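Student: My structure is in run_30.cif, and what it holds is mmCIF, N, CA and C atoms:
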```cif
data_entry
#
loop_
_atom_site.label_atom_id
_atom_site.label_comp_id
_atom_site.auth_asym_id
_atom_site.auth_seq_id
_atom_site.Cartn_x
_atom_site.Cartn_y
_atom_site.Cartn_z
N HIS A 1187 -4.78 276.26 293.14
CA HIS A 1187 -3.78 277.24 292.73
C HIS A 1187 -4.45 278.36 291.95
N TYR A 1188 -4.05 279.57 292.26
CA TYR A 1188 -4.56 280.73 291.55
C TYR A 1188 -3.42 281.40 290.82
N LYS A 1189 -3.68 281.84 289.63
CA LYS A 1189 -2.70 282.59 288.86
C LYS A 1189 -3.11 284.06 288.90
N LEU A 1190 -2.26 284.90 289.44
CA LEU A 1190 -2.56 286.32 289.52
C LEU A 1190 -2.21 286.99 288.19
N MET A 1191 -3.10 287.87 287.77
CA MET A 1191 -2.83 288.64 286.56
C MET A 1191 -1.89 289.78 286.91
N SER A 1192 -0.83 289.91 286.17
CA SER A 1192 0.04 291.05 286.37
C SER A 1192 0.05 291.86 285.08
N ARG A 1193 0.13 293.17 285.25
CA ARG A 1193 0.20 294.03 284.09
C ARG A 1193 1.11 295.18 284.40
N GLU A 1194 1.65 295.73 283.35
CA GLU A 1194 2.52 296.88 283.49
C GLU A 1194 1.67 298.09 283.90
N ILE A 1195 2.11 298.78 284.94
CA ILE A 1195 1.40 299.98 285.39
C ILE A 1195 2.05 301.17 284.71
N LYS A 1196 1.28 301.82 283.84
CA LYS A 1196 1.78 303.02 283.19
C LYS A 1196 0.60 303.91 282.84
N PHE A 1197 0.91 305.17 282.61
CA PHE A 1197 -0.11 306.18 282.38
C PHE A 1197 0.27 307.04 281.18
N ARG A 1198 -0.72 307.76 280.67
CA ARG A 1198 -0.45 308.80 279.68
C ARG A 1198 -1.30 310.01 280.05
N ALA A 1199 -0.83 311.16 279.61
CA ALA A 1199 -1.54 312.42 279.83
C ALA A 1199 -1.04 313.40 278.80
N LYS A 1200 -1.65 314.56 278.79
CA LYS A 1200 -1.17 315.62 277.91
C LYS A 1200 -0.52 316.70 278.75
N VAL A 1201 0.60 317.22 278.25
CA VAL A 1201 1.29 318.36 278.84
C VAL A 1201 1.43 319.38 277.72
N ASP A 1202 0.81 320.54 277.91
CA ASP A 1202 0.80 321.58 276.87
C ASP A 1202 0.33 321.03 275.53
N GLY A 1203 -0.68 320.15 275.56
CA GLY A 1203 -1.27 319.63 274.34
C GLY A 1203 -0.55 318.46 273.72
N LYS A 1204 0.58 318.03 274.30
CA LYS A 1204 1.34 316.91 273.75
C LYS A 1204 1.23 315.71 274.68
N ILE A 1205 1.07 314.51 274.10
CA ILE A 1205 0.94 313.29 274.91
C ILE A 1205 2.28 312.90 275.50
N VAL A 1206 2.27 312.59 276.81
CA VAL A 1206 3.45 312.07 277.50
C VAL A 1206 3.07 310.76 278.18
N TYR A 1207 4.03 309.86 278.28
CA TYR A 1207 3.83 308.56 278.92
C TYR A 1207 4.74 308.50 280.13
N SER A 1208 4.25 307.89 281.22
CA SER A 1208 5.04 307.79 282.45
C SER A 1208 4.54 306.63 283.28
N THR A 1209 5.37 306.17 284.20
CA THR A 1209 4.95 305.13 285.14
C THR A 1209 4.32 305.74 286.37
N GLY A 1210 4.30 307.05 286.46
CA GLY A 1210 3.66 307.67 287.61
C GLY A 1210 3.55 309.18 287.49
N PHE A 1211 2.55 309.69 288.13
CA PHE A 1211 2.32 311.13 288.20
C PHE A 1211 2.19 311.49 289.67
N MET A 1212 2.39 312.74 290.01
CA MET A 1212 2.33 313.17 291.40
C MET A 1212 1.31 314.29 291.54
N LYS A 1213 0.70 314.35 292.70
CA LYS A 1213 -0.23 315.44 292.99
C LYS A 1213 0.52 316.49 293.80
N HIS A 1214 0.60 317.70 293.24
CA HIS A 1214 1.27 318.81 293.90
C HIS A 1214 0.44 319.25 295.09
N ILE A 1215 1.04 319.95 296.03
CA ILE A 1215 0.34 320.40 297.23
C ILE A 1215 -0.87 321.28 296.90
N ASP A 1216 -0.84 321.98 295.74
CA ASP A 1216 -1.97 322.81 295.35
C ASP A 1216 -3.06 322.02 294.61
N GLY A 1217 -2.87 320.69 294.48
CA GLY A 1217 -3.87 319.84 293.84
C GLY A 1217 -3.61 319.57 292.37
N THR A 1218 -2.65 320.28 291.78
CA THR A 1218 -2.29 320.07 290.38
C THR A 1218 -1.59 318.72 290.22
N ILE A 1219 -1.91 317.99 289.17
CA ILE A 1219 -1.21 316.74 288.89
C ILE A 1219 -0.03 317.06 287.99
N ILE A 1220 1.16 316.59 288.41
CA ILE A 1220 2.39 316.90 287.68
C ILE A 1220 3.10 315.61 287.27
N VAL A 1221 3.96 315.74 286.28
CA VAL A 1221 4.76 314.62 285.78
C VAL A 1221 6.19 315.11 285.61
N ILE A 1222 7.15 314.20 285.83
CA ILE A 1222 8.55 314.52 285.59
C ILE A 1222 8.76 314.54 284.08
N THR A 1223 9.23 315.66 283.55
CA THR A 1223 9.41 315.78 282.10
C THR A 1223 10.87 315.79 281.67
N LYS A 1224 11.79 316.14 282.59
CA LYS A 1224 13.21 316.15 282.25
C LYS A 1224 14.04 315.82 283.47
N HIS A 1225 15.16 315.13 283.24
CA HIS A 1225 16.13 314.84 284.30
C HIS A 1225 17.41 315.62 283.98
N HIS A 1226 17.91 316.37 284.93
CA HIS A 1226 19.18 317.08 284.80
C HIS A 1226 20.06 316.63 285.97
N GLY A 1227 20.69 315.48 285.83
CA GLY A 1227 21.48 314.94 286.94
C GLY A 1227 20.55 314.63 288.10
N ASP A 1228 20.79 315.27 289.25
CA ASP A 1228 19.93 315.07 290.42
C ASP A 1228 18.72 315.99 290.41
N ASN A 1229 18.66 316.93 289.48
CA ASN A 1229 17.54 317.87 289.41
C ASN A 1229 16.47 317.34 288.46
N LEU A 1230 15.25 317.50 288.87
CA LEU A 1230 14.12 317.06 288.05
C LEU A 1230 13.30 318.28 287.63
N GLU A 1231 12.82 318.25 286.39
CA GLU A 1231 11.91 319.28 285.92
C GLU A 1231 10.53 318.67 285.80
N THR A 1232 9.55 319.31 286.40
CA THR A 1232 8.18 318.78 286.35
C THR A 1232 7.29 319.75 285.59
N SER A 1233 6.21 319.20 285.07
CA SER A 1233 5.23 320.01 284.36
C SER A 1233 3.84 319.59 284.79
N PRO A 1234 2.91 320.53 284.89
CA PRO A 1234 1.52 320.16 285.19
C PRO A 1234 0.89 319.53 283.95
N ILE A 1235 0.03 318.54 284.16
CA ILE A 1235 -0.66 317.94 283.02
C ILE A 1235 -1.90 318.76 282.68
N ASP A 1236 -2.35 318.65 281.44
CA ASP A 1236 -3.59 319.30 281.04
C ASP A 1236 -4.73 318.64 281.80
N GLU A 1237 -5.59 319.43 282.40
CA GLU A 1237 -6.66 318.92 283.25
C GLU A 1237 -7.53 317.90 282.51
N GLY A 1238 -7.81 316.79 283.20
CA GLY A 1238 -8.70 315.78 282.68
C GLY A 1238 -8.10 314.83 281.66
N THR A 1239 -6.76 314.82 281.52
CA THR A 1239 -6.16 313.96 280.50
C THR A 1239 -5.40 312.76 281.05
N LEU A 1240 -5.35 312.57 282.36
CA LEU A 1240 -4.62 311.44 282.94
C LEU A 1240 -5.39 310.15 282.71
N GLU A 1241 -4.73 309.16 282.06
CA GLU A 1241 -5.38 307.89 281.74
C GLU A 1241 -4.42 306.73 282.02
N GLN A 1242 -4.97 305.60 282.48
CA GLN A 1242 -4.17 304.44 282.84
C GLN A 1242 -4.22 303.38 281.75
N PHE A 1243 -3.11 302.67 281.58
CA PHE A 1243 -3.00 301.53 280.67
C PHE A 1243 -3.84 300.39 281.20
N THR A 1244 -4.60 299.71 280.34
CA THR A 1244 -5.47 298.61 280.76
C THR A 1244 -4.72 297.30 280.95
N GLY A 1245 -3.52 297.20 280.40
CA GLY A 1245 -2.80 295.94 280.41
C GLY A 1245 -3.08 295.11 279.17
N LEU A 1246 -3.95 295.63 278.29
CA LEU A 1246 -4.32 294.92 277.07
C LEU A 1246 -3.76 295.61 275.84
N LYS A 1247 -3.58 294.85 274.79
CA LYS A 1247 -3.19 295.37 273.49
C LYS A 1247 -4.28 294.99 272.49
N ASP A 1248 -4.45 295.83 271.48
CA ASP A 1248 -5.45 295.53 270.47
C ASP A 1248 -4.89 294.53 269.45
N ARG A 1249 -5.65 294.24 268.42
CA ARG A 1249 -5.25 293.25 267.42
C ARG A 1249 -3.98 293.64 266.67
N ASN A 1250 -3.61 294.92 266.70
CA ASN A 1250 -2.40 295.39 266.03
C ASN A 1250 -1.23 295.59 266.98
N GLY A 1251 -1.40 295.18 268.24
CA GLY A 1251 -0.33 295.32 269.23
C GLY A 1251 -0.27 296.68 269.88
N VAL A 1252 -1.30 297.52 269.68
CA VAL A 1252 -1.34 298.86 270.26
C VAL A 1252 -1.87 298.78 271.69
N ASP A 1253 -1.17 299.43 272.64
CA ASP A 1253 -1.63 299.48 274.03
C ASP A 1253 -3.00 300.14 274.09
N ILE A 1254 -3.88 299.59 274.95
CA ILE A 1254 -5.21 300.15 275.14
C ILE A 1254 -5.23 300.90 276.47
N TYR A 1255 -5.55 302.21 276.42
CA TYR A 1255 -5.63 303.08 277.59
C TYR A 1255 -7.06 303.52 277.82
N GLU A 1256 -7.34 303.96 279.06
CA GLU A 1256 -8.59 304.67 279.31
C GLU A 1256 -8.66 305.83 278.31
N GLY A 1257 -9.85 306.16 277.88
CA GLY A 1257 -10.01 307.27 276.96
C GLY A 1257 -9.82 306.90 275.50
N ASP A 1258 -9.34 305.69 275.23
CA ASP A 1258 -9.21 305.26 273.84
C ASP A 1258 -10.58 304.95 273.27
N ILE A 1259 -10.73 305.24 272.00
CA ILE A 1259 -11.93 304.85 271.27
C ILE A 1259 -11.58 303.54 270.59
N ILE A 1260 -12.33 302.51 270.92
CA ILE A 1260 -12.05 301.20 270.34
C ILE A 1260 -13.19 300.76 269.44
N LYS A 1261 -12.83 299.94 268.49
CA LYS A 1261 -13.83 299.36 267.59
C LYS A 1261 -13.71 297.85 267.68
N ARG A 1262 -14.83 297.20 267.91
CA ARG A 1262 -14.86 295.73 267.87
C ARG A 1262 -15.20 295.37 266.44
N ILE A 1263 -14.37 294.56 265.83
CA ILE A 1263 -14.56 294.14 264.45
C ILE A 1263 -15.73 293.17 264.38
N GLU A 1264 -16.55 293.32 263.38
CA GLU A 1264 -17.70 292.43 263.20
C GLU A 1264 -17.23 291.01 262.90
N THR A 1265 -17.83 290.05 263.58
CA THR A 1265 -17.56 288.63 263.33
C THR A 1265 -18.89 287.93 263.10
N GLU A 1266 -18.86 286.62 262.93
CA GLU A 1266 -20.10 285.86 262.73
C GLU A 1266 -21.01 285.94 263.95
N SER A 1267 -20.40 286.04 265.15
CA SER A 1267 -21.22 286.01 266.37
C SER A 1267 -21.55 287.38 266.96
N VAL A 1268 -20.78 288.43 266.62
CA VAL A 1268 -21.06 289.76 267.17
C VAL A 1268 -20.96 290.82 266.07
N GLY A 1269 -21.70 291.91 266.26
CA GLY A 1269 -21.66 293.01 265.31
C GLY A 1269 -20.55 293.99 265.63
N GLU A 1270 -20.33 294.94 264.71
CA GLU A 1270 -19.35 295.98 264.94
C GLU A 1270 -19.83 296.88 266.08
N TYR A 1271 -18.88 297.41 266.84
CA TYR A 1271 -19.21 298.23 268.00
C TYR A 1271 -18.10 299.24 268.20
N CYS A 1272 -18.43 300.46 268.57
CA CYS A 1272 -17.43 301.47 268.96
C CYS A 1272 -17.79 301.99 270.34
N GLY A 1273 -16.79 302.21 271.16
CA GLY A 1273 -17.00 302.75 272.50
C GLY A 1273 -15.73 303.36 273.03
N VAL A 1274 -15.83 304.04 274.17
CA VAL A 1274 -14.69 304.67 274.84
C VAL A 1274 -14.33 303.82 276.05
N VAL A 1275 -13.04 303.53 276.21
CA VAL A 1275 -12.56 302.73 277.34
C VAL A 1275 -12.61 303.57 278.60
N ILE A 1276 -13.25 303.03 279.65
CA ILE A 1276 -13.33 303.69 280.95
C ILE A 1276 -13.01 302.68 282.04
N TYR A 1277 -12.76 303.17 283.25
CA TYR A 1277 -12.55 302.31 284.41
C TYR A 1277 -13.78 302.42 285.29
N SER A 1278 -14.41 301.28 285.59
CA SER A 1278 -15.62 301.29 286.40
C SER A 1278 -15.76 299.98 287.14
N GLU A 1279 -16.20 300.06 288.37
CA GLU A 1279 -16.46 298.84 289.15
C GLU A 1279 -15.26 297.89 289.18
N LYS A 1280 -14.06 298.43 289.37
CA LYS A 1280 -12.83 297.66 289.51
C LYS A 1280 -12.40 296.94 288.23
N GLU A 1281 -12.85 297.39 287.08
CA GLU A 1281 -12.40 296.79 285.83
C GLU A 1281 -12.48 297.81 284.70
N PHE A 1282 -11.73 297.53 283.65
CA PHE A 1282 -11.82 298.37 282.46
C PHE A 1282 -12.97 297.88 281.61
N THR A 1283 -13.75 298.81 281.11
CA THR A 1283 -14.93 298.49 280.33
C THR A 1283 -15.10 299.59 279.28
N THR A 1284 -16.21 299.62 278.60
CA THR A 1284 -16.46 300.70 277.65
C THR A 1284 -17.82 301.30 277.92
N ASN A 1285 -18.01 302.52 277.45
CA ASN A 1285 -19.35 303.09 277.47
C ASN A 1285 -19.86 303.03 276.04
N ASP A 1286 -21.12 302.72 275.87
CA ASP A 1286 -21.69 302.60 274.54
C ASP A 1286 -22.18 303.96 274.11
N TRP A 1287 -21.75 304.43 272.99
CA TRP A 1287 -22.10 305.76 272.53
C TRP A 1287 -23.59 305.92 272.29
N GLU A 1288 -24.26 304.88 271.84
CA GLU A 1288 -25.66 305.01 271.48
C GLU A 1288 -26.61 304.35 272.49
N GLU A 1289 -26.20 303.24 273.07
CA GLU A 1289 -27.11 302.48 273.94
C GLU A 1289 -26.96 302.80 275.41
N GLY A 1290 -25.95 303.59 275.80
CA GLY A 1290 -25.73 303.84 277.21
C GLY A 1290 -24.83 302.77 277.81
N PHE A 1291 -24.36 303.02 279.00
CA PHE A 1291 -23.40 302.14 279.66
C PHE A 1291 -24.03 300.83 280.10
N ASP A 1292 -23.43 299.72 279.75
CA ASP A 1292 -23.92 298.39 280.13
C ASP A 1292 -22.72 297.55 280.53
N LEU A 1293 -22.43 297.48 281.83
CA LEU A 1293 -21.22 296.82 282.32
C LEU A 1293 -21.14 295.36 281.89
N ASP A 1294 -22.25 294.61 281.98
CA ASP A 1294 -22.21 293.19 281.64
C ASP A 1294 -21.96 292.99 280.15
N LYS A 1295 -22.57 293.81 279.33
CA LYS A 1295 -22.47 293.63 277.88
C LYS A 1295 -21.14 294.12 277.31
N GLU A 1296 -20.61 295.20 277.85
CA GLU A 1296 -19.52 295.86 277.18
C GLU A 1296 -18.16 295.78 277.89
N CYS A 1297 -17.94 294.77 278.69
CA CYS A 1297 -16.65 294.62 279.36
C CYS A 1297 -15.59 294.18 278.36
N ILE A 1298 -14.59 295.03 278.09
CA ILE A 1298 -13.60 294.66 277.08
C ILE A 1298 -12.71 293.52 277.55
N LEU A 1299 -12.61 293.30 278.86
CA LEU A 1299 -11.81 292.17 279.32
C LEU A 1299 -12.46 290.85 278.94
N GLY A 1300 -13.76 290.86 278.62
CA GLY A 1300 -14.44 289.65 278.19
C GLY A 1300 -14.30 289.38 276.72
N TYR A 1301 -13.77 290.33 275.96
CA TYR A 1301 -13.61 290.14 274.52
C TYR A 1301 -12.26 289.53 274.21
N VAL A 1302 -12.19 288.85 273.11
CA VAL A 1302 -10.90 288.41 272.58
C VAL A 1302 -10.30 289.65 271.92
N THR A 1303 -9.12 290.08 272.39
CA THR A 1303 -8.58 291.35 271.90
C THR A 1303 -8.17 291.29 270.43
N GLU A 1304 -8.19 290.11 269.83
CA GLU A 1304 -7.90 290.01 268.41
C GLU A 1304 -8.99 290.67 267.56
N VAL A 1305 -10.16 290.96 268.16
CA VAL A 1305 -11.22 291.62 267.41
C VAL A 1305 -11.41 293.07 267.84
N ILE A 1306 -10.49 293.60 268.66
CA ILE A 1306 -10.55 294.98 269.14
C ILE A 1306 -9.46 295.80 268.46
N GLU A 1307 -9.82 297.02 268.05
CA GLU A 1307 -8.87 297.90 267.40
C GLU A 1307 -9.00 299.31 267.98
N VAL A 1308 -7.87 299.92 268.38
CA VAL A 1308 -7.88 301.30 268.83
C VAL A 1308 -7.98 302.18 267.60
N VAL A 1309 -9.00 303.06 267.56
CA VAL A 1309 -9.19 303.92 266.39
C VAL A 1309 -9.02 305.40 266.73
N GLY A 1310 -8.70 305.71 267.99
CA GLY A 1310 -8.48 307.10 268.39
C GLY A 1310 -8.57 307.22 269.89
N ASN A 1311 -8.61 308.45 270.39
CA ASN A 1311 -8.85 308.68 271.81
C ASN A 1311 -9.63 309.97 271.97
N ILE A 1312 -10.22 310.14 273.14
CA ILE A 1312 -11.14 311.25 273.35
C ILE A 1312 -10.47 312.62 273.35
N HIS A 1313 -9.14 312.66 273.43
CA HIS A 1313 -8.43 313.93 273.49
C HIS A 1313 -7.86 314.36 272.14
N GLU A 1314 -8.05 313.55 271.11
CA GLU A 1314 -7.53 313.86 269.78
C GLU A 1314 -8.67 314.00 268.80
N LYS A 1315 -8.51 314.87 267.83
CA LYS A 1315 -9.49 314.97 266.76
C LYS A 1315 -9.25 313.84 265.79
N ASN A 1316 -10.30 313.12 265.44
CA ASN A 1316 -10.17 311.98 264.52
C ASN A 1316 -10.78 312.29 263.17
#
```
Step by step, read the file and then write its structure as structure tokens.
Tutor:
Amino acid sequence: HYKLMSREIKFRAKVDGKIVYSTGFMKHIDGTIIVITKHHGDNLETSPIDEGTLEQFTGLKDRNGVDIYEGDIIKRIETESVGEYCGVVIYSEKEFTTNDWEEGFDLDKECILGYVTEVIEVVGNIHEKN
């Protein structure tokens, strides 16, 4: 018997500099990625997202219950067995992982799905000044 992992599919992006959350975005015929921003009965209002800000939810929450998205800056809390670490969440090779700011990308070492999320904390994201 196999148990399939299921996770909520949701995204975030910026529209005019403000973060919006949605379960889906659409690609306009001109290549612009758009999101539904308002419903007026049967009419929908859409807005283009700020380029390069579309990020997917990993399905994980940090130790404080905060959703972890691509582009988040996470900190692994120091424990007896591992040191403190900061990295940016990215999607690579069919899984969510992090890139190491100082040591370079190491898929085997830095896969956040291999960590116990009780020692992971979201401390910011790449689109916000921290």
Student: Residue by residue, what does the PyMOL selection byres (((chain A and resi 1272 and name CA) around 6) and name CA) grab here? Present the result as JSON, numbers by chain.
Tutor: {"A": [1260, 1261, 1271, 1273]}
Student: Could you list the residues chosen by the PyMOL selection byres ((chain A and resi 1305) around 8) in this structure as a PDB file with N, CA and C atoms, in the frame of the given file?
Tutor:
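Saved to expr.pdb:
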```pdb
ATOM      1  N   ASP A1248      -4.450 295.830 271.480  1.00  0.00           N
ATOM      2  CA  ASP A1248      -5.450 295.530 270.470  1.00  0.00           C
ATOM      3  C   ASP A1248      -4.890 294.530 269.450  1.00  0.00           C
ATOM      4  N   ARG A1249      -5.650 294.240 268.420  1.00  0.00           N
ATOM      5  CA  ARG A1249      -5.250 293.250 267.420  1.00  0.00           C
ATOM      6  C   ARG A1249      -3.980 293.640 266.670  1.00  0.00           C
ATOM      7  N   ASN A1250      -3.610 294.920 266.700  1.00  0.00           N
ATOM      8  CA  ASN A1250      -2.400 295.390 266.030  1.00  0.00           C
ATOM      9  C   ASN A1250      -1.230 295.590 266.980  1.00  0.00           C
ATOM     10  N   LYS A1261     -12.830 299.940 268.490  1.00  0.00           N
ATOM     11  CA  LYS A1261     -13.830 299.360 267.590  1.00  0.00           C
ATOM     12  C   LYS A1261     -13.710 297.850 267.680  1.00  0.00           C
ATOM     13  N   ARG A1262     -14.830 297.200 267.910  1.00  0.00           N
ATOM     14  CA  ARG A1262     -14.860 295.730 267.870  1.00  0.00           C
ATOM     15  C   ARG A1262     -15.200 295.370 266.440  1.00  0.00           C
ATOM     16  N   ILE A1263     -14.370 294.560 265.830  1.00  0.00           N
ATOM     17  CA  ILE A1263     -14.560 294.140 264.450  1.00  0.00           C
ATOM     18  C   ILE A1263     -15.730 293.170 264.380  1.00  0.00           C
ATOM     19  N   GLU A1264     -16.550 293.320 263.380  1.00  0.00           N
ATOM     20  CA  GLU A1264     -17.700 292.430 263.200  1.00  0.00           C
ATOM     21  C   GLU A1264     -17.230 291.010 262.900  1.00  0.00           C
ATOM     22  N   THR A1265     -17.830 290.050 263.580  1.00  0.00           N
ATOM     23  CA  THR A1265     -17.560 288.630 263.330  1.00  0.00           C
ATOM     24  C   THR A1265     -18.890 287.930 263.100  1.00  0.00           C
ATOM     25  N   TYR A1301     -13.770 290.330 275.960  1.00  0.00           N
ATOM     26  CA  TYR A1301     -13.610 290.140 274.520  1.00  0.00           C
ATOM     27  C   TYR A1301     -12.260 289.530 274.210  1.00  0.00           C
ATOM     28  N   VAL A1302     -12.190 288.850 273.110  1.00  0.00           N
ATOM     29  CA  VAL A1302     -10.900 288.410 272.580  1.00  0.00           C
ATOM     30  C   VAL A1302     -10.300 289.650 271.920  1.00  0.00           C
ATOM     31  N   THR A1303      -9.120 290.080 272.390  1.00  0.00           N
ATOM     32  CA  THR A1303      -8.580 291.350 271.900  1.00  0.00           C
ATOM     33  C   THR A1303      -8.170 291.290 270.430  1.00  0.00           C
ATOM     34  N   GLU A1304      -8.190 290.110 269.830  1.00  0.00           N
ATOM     35  CA  GLU A1304      -7.900 290.010 268.410  1.00  0.00           C
ATOM     36  C   GLU A1304      -8.990 290.670 267.560  1.00  0.00           C
ATOM     37  N   ILE A1306     -10.490 293.600 268.660  1.00  0.00           N
ATOM     38  CA  ILE A1306     -10.550 294.980 269.140  1.00  0.00           C
ATOM     39  C   ILE A1306      -9.460 295.800 268.460  1.00  0.00           C
ATOM     40  N   GLU A1307      -9.820 297.020 268.050  1.00  0.00           N
ATOM     41  CA  GLU A1307      -8.870 297.900 267.400  1.00  0.00           C
ATOM     42  C   GLU A1307      -9.000 299.310 267.980  1.00  0.00           C
ATOM     43  N   VAL A1308      -7.870 299.920 268.380  1.00  0.00           N
ATOM     44  CA  VAL A1308      -7.880 301.300 268.830  1.00  0.00           C
ATOM     45  C   VAL A1308      -7.980 302.180 267.600  1.00  0.00           C
TER      46      VAL A1308
END
```
Student: Here is a test: counting only C-alpha atoms, which residue of A:Ile1235, A:Val1252, A:Leu1246, A:Ile1220 is nearest to Ile1195 in chain A?
Tutor: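 For Ile1195 in chain A, the nearest of the given residues is A:Leu1246.
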Student: Looking at only N, CA and C atoms, which of A:Met1212, A:Thr1223, A:Asp1253, A:Lys1200 is the one that sits closest to Gly1238 in chain A?
Tutor: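 Looking at the shortest contact to Gly1238 in chain A, the residue is A:Lys1200.
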Student: Identify which of the residues A:Lys1247, A:His1313, A:Gly1269, A:Ser1233 lies closest to Lys1213 in chain A, counting only C-alpha atoms when measuring atom-to-atom distances.
Tutor: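 Closest to Lys1213 in chain A of all the choices is A:Ser1233.
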